[in-house]
Amino acid sequence: MDSIVYRQYSGESELPHIMALVQHELSEPYVIYTYRYFLQQWPHLTFLAYPSQQSSDPVGVVVCKQSMHRDATNRGYIAMLSVHKNWRKRGIASTLVRRTIEVMKKHGVEEVVLETEYDNSAALSLYESLGFIREKRLYRFYLNGKDAFRLVLVVPSPELEDEDKDQRKPLPIRFLAPARMIAIPSLPYDSDDEVSSR
């Protein structure tokens, strides 16, 4: 099996490759300005996966942003996650998401959110295996008329993470999912069953 190479977004020359991958794999259409909105403001939160060091065509991409939500919460947002269908079942999507969340953590992220189609069981399983929970269902969210689930990952502060590694005690209530969220049983996740999602 080839070794996948992961790189941070490095500039406008990669934009056509990102657009082609996302447009081919996701159901939601985006105009070039949507890509530029994310890539110009948060280039450090976009990662691409390549099949080899020499390849110029990515097989996976994650595009994100991070900003203050309602002046209260440092929120990360996963806008686009796409893996070419011929390259799925190799852990590419989970690695892309983990890498961008690690960068978000360095910038003080408190929660990460995203939407995905309500019937995309592979995407739901992927995100739930990474700790995301379903916050709510968004009816007719997508242009194709499909519903979505908003998923949320609550990220504990680094100090609490370090304490908990040593003491193995449960997190304080304030660092668990806010009361507005309900846990819905997760679907079994098989890292060999990844699909593109938004």
# chains A, B, ... in the order shown; residues from 1 in each chain; ligands from 1
call {"tool": "residues_around", "arguments": {"residues": "Leu39 of chain A", "least_positions_apart": "5", "cutoff": "8 Å", "atoms": "only C-alpha atoms", "output": "ChimeraX atom specification"}}
result
/A:9,46,63
call {"tool": "select_by_dssp", "arguments": {"residues": "segment 80-146 of chain A", "states": "helix (DSSP H, G or I)", "output": "list of chain:residue names"}}
result
A:Lys85, A:Asn86, A:Trp87, A:Ile92, A:Ala93, A:Ser94, A:Thr95, A:Leu96, A:Val97, A:Arg98, A:Arg99, A:Thr100, A:Ile101, A:Glu102, A:Val103, A:Met104, A:Lys105, A:Lys106, A:Ser121, A:Ala122, A:Ala123, A:Leu124, A:Ser125, A:Leu126, A:Tyr127, A:Glu128, A:Ser129
call {"tool": "write_last_selection", "arguments": {"atoms": "C-alpha atoms", "output": "PDB file, in the first residue's frame"}}
result
ATOM      1  CA  LYS A  85     -13.836   7.204  -3.762  1.00  0.00           C
ATOM      2  CA  ASN A  86     -10.841   5.178  -5.035  1.00  0.00           C
ATOM      3  CA  TRP A  87      -8.837   6.178  -1.943  1.00  0.00           C
ATOM      4  CA  ILE A  92      -7.427   9.380   5.159  1.00  0.00           C
ATOM      5  CA  ALA A  93     -10.569  11.213   6.308  1.00  0.00           C
ATOM      6  CA  SER A  94      -9.946  10.582  10.005  1.00  0.00           C
ATOM      7  CA  THR A  95      -6.309  11.681   9.671  1.00  0.00           C
ATOM      8  CA  LEU A  96      -7.327  14.892   7.889  1.00  0.00           C
ATOM      9  CA  VAL A  97      -9.881  15.706  10.604  1.00  0.00           C
ATOM     10  CA  ARG A  98      -7.453  14.897  13.440  1.00  0.00           C
ATOM     11  CA  ARG A  99      -4.732  17.081  11.925  1.00  0.00           C
ATOM     12  CA  THR A 100      -6.953  20.108  11.562  1.00  0.00           C
ATOM     13  CA  ILE A 101      -8.367  19.685  15.083  1.00  0.00           C
ATOM     14  CA  GLU A 102      -4.805  19.558  16.461  1.00  0.00           C
ATOM     15  CA  VAL A 103      -4.069  22.914  14.805  1.00  0.00           C
ATOM     16  CA  MET A 104      -7.351  24.315  16.146  1.00  0.00           C
ATOM     17  CA  LYS A 105      -6.364  23.199  19.655  1.00  0.00           C
ATOM     18  CA  LYS A 106      -3.157  25.225  19.383  1.00  0.00           C
ATOM     19  CA  SER A 121     -24.023   6.670   7.846  1.00  0.00           C
ATOM     20  CA  ALA A 122     -20.322   6.336   7.005  1.00  0.00           C
ATOM     21  CA  ALA A 123     -19.684  10.041   7.694  1.00  0.00           C
ATOM     22  CA  LEU A 124     -21.752   9.937  10.888  1.00  0.00           C
ATOM     23  CA  SER A 125     -19.821   6.886  12.076  1.00  0.00           C
ATOM     24  CA  LEU A 126     -16.494   8.525  11.257  1.00  0.00           C
ATOM     25  CA  TYR A 127     -17.261  11.700  13.196  1.00  0.00           C
ATOM     26  CA  GLU A 128     -18.835   9.857  16.113  1.00  0.00           C
ATOM     27  CA  SER A 129     -15.726   7.667  16.368  1.00  0.00           C
TER      28      SER A 129
END
call {"tool": "closest_residue", "arguments": {"among": "A:Pro43, A:Arg7, A:Leu114, A:Tyr33", "to": "Leu81 of chain A", "atoms": "only C-alpha atoms"}}
result
A:Leu114
call {"tool": "residues_around", "arguments": {"residues": "Met19 of chain A", "least_positions_apart": "6", "cutoff": "9 Å", "atoms": "only C-alpha atoms", "output": "list in words"}}
result
Tyr30, Val31, Ile32 and Tyr35 of chain A
call {"tool": "write_last_selection", "arguments": {"atoms": "N, CA and C atoms", "output": "PDB file, in the first residue's frame"}}
result
ATOM      1  N   TYR A  30     -20.437  24.480  -4.605  1.00  0.00           N
ATOM      2  CA  TYR A  30     -19.816  25.678  -4.043  1.00  0.00           C
ATOM      3  C   TYR A  30     -19.244  26.521  -5.173  1.00  0.00           C
ATOM      4  N   VAL A  31     -19.317  27.835  -5.028  1.00  0.00           N
ATOM      5  CA  VAL A  31     -18.687  28.741  -5.994  1.00  0.00           C
ATOM      6  C   VAL A  31     -17.271  29.029  -5.518  1.00  0.00           C
ATOM      7  N   ILE A  32     -16.451  29.529  -6.401  1.00  0.00           N
ATOM      8  CA  ILE A  32     -15.039  29.762  -6.074  1.00  0.00           C
ATOM      9  C   ILE A  32     -14.872  30.696  -4.879  1.00  0.00           C
ATOM     10  N   TYR A  35     -14.754  28.806  -1.530  1.00  0.00           N
ATOM     11  CA  TYR A  35     -13.433  28.226  -1.257  1.00  0.00           C
ATOM     12  C   TYR A  35     -12.464  29.306  -0.788  1.00  0.00           C
TER      13      TYR A  35
END
call {"tool": "residues_around", "arguments": {"residues": "segment 142-145 of chain A", "least_positions_apart": "3", "cutoff": "10 Å", "atoms": "only C-alpha atoms", "output": "PyMOL selection string"}}
result
chain A and resi 27-29+115-117+138-139+148
call {"tool": "closest_residue", "arguments": {"among": "A:Asn120, A:Thr34, A:Ser67, A:Thr73", "to": "Val155 of chain A", "atoms": "only C-alpha atoms"}}
result
A:Thr73
call {"tool": "closest_residue", "arguments": {"among": "A:Leu48, A:Leu26, A:Leu151, A:Val112", "to": "Asn74 of chain A", "atoms": "only C-alpha atoms"}}
result
A:Val112
call {"tool": "closest_residue", "arguments": {"among": "A:Ser82, A:Gln41, A:Gln23, A:Ser3", "to": "Val62 of chain A", "atoms": "only C-alpha atoms"}}
result
A:Ser82
call {"tool": "atom_distance", "arguments": {"atom1": "atom CA of Ser157 of chain A", "atom2": "atom CA of Met80 of chain A"}}
result
25.2 Å
call {"tool": "atom_distance", "arguments": {"atom1": "atom CA of Gln66 of chain A", "atom2": "atom CA of Phe38 of chain A"}}
result
9.6 Å
call {"tool": "closest_residue", "arguments": {"among": "A:Glu14, A:Pro156, A:Ile4, A:Glu111", "to": "Ile133 of chain A", "atoms": "only C-alpha atoms"}}
result
A:Glu111
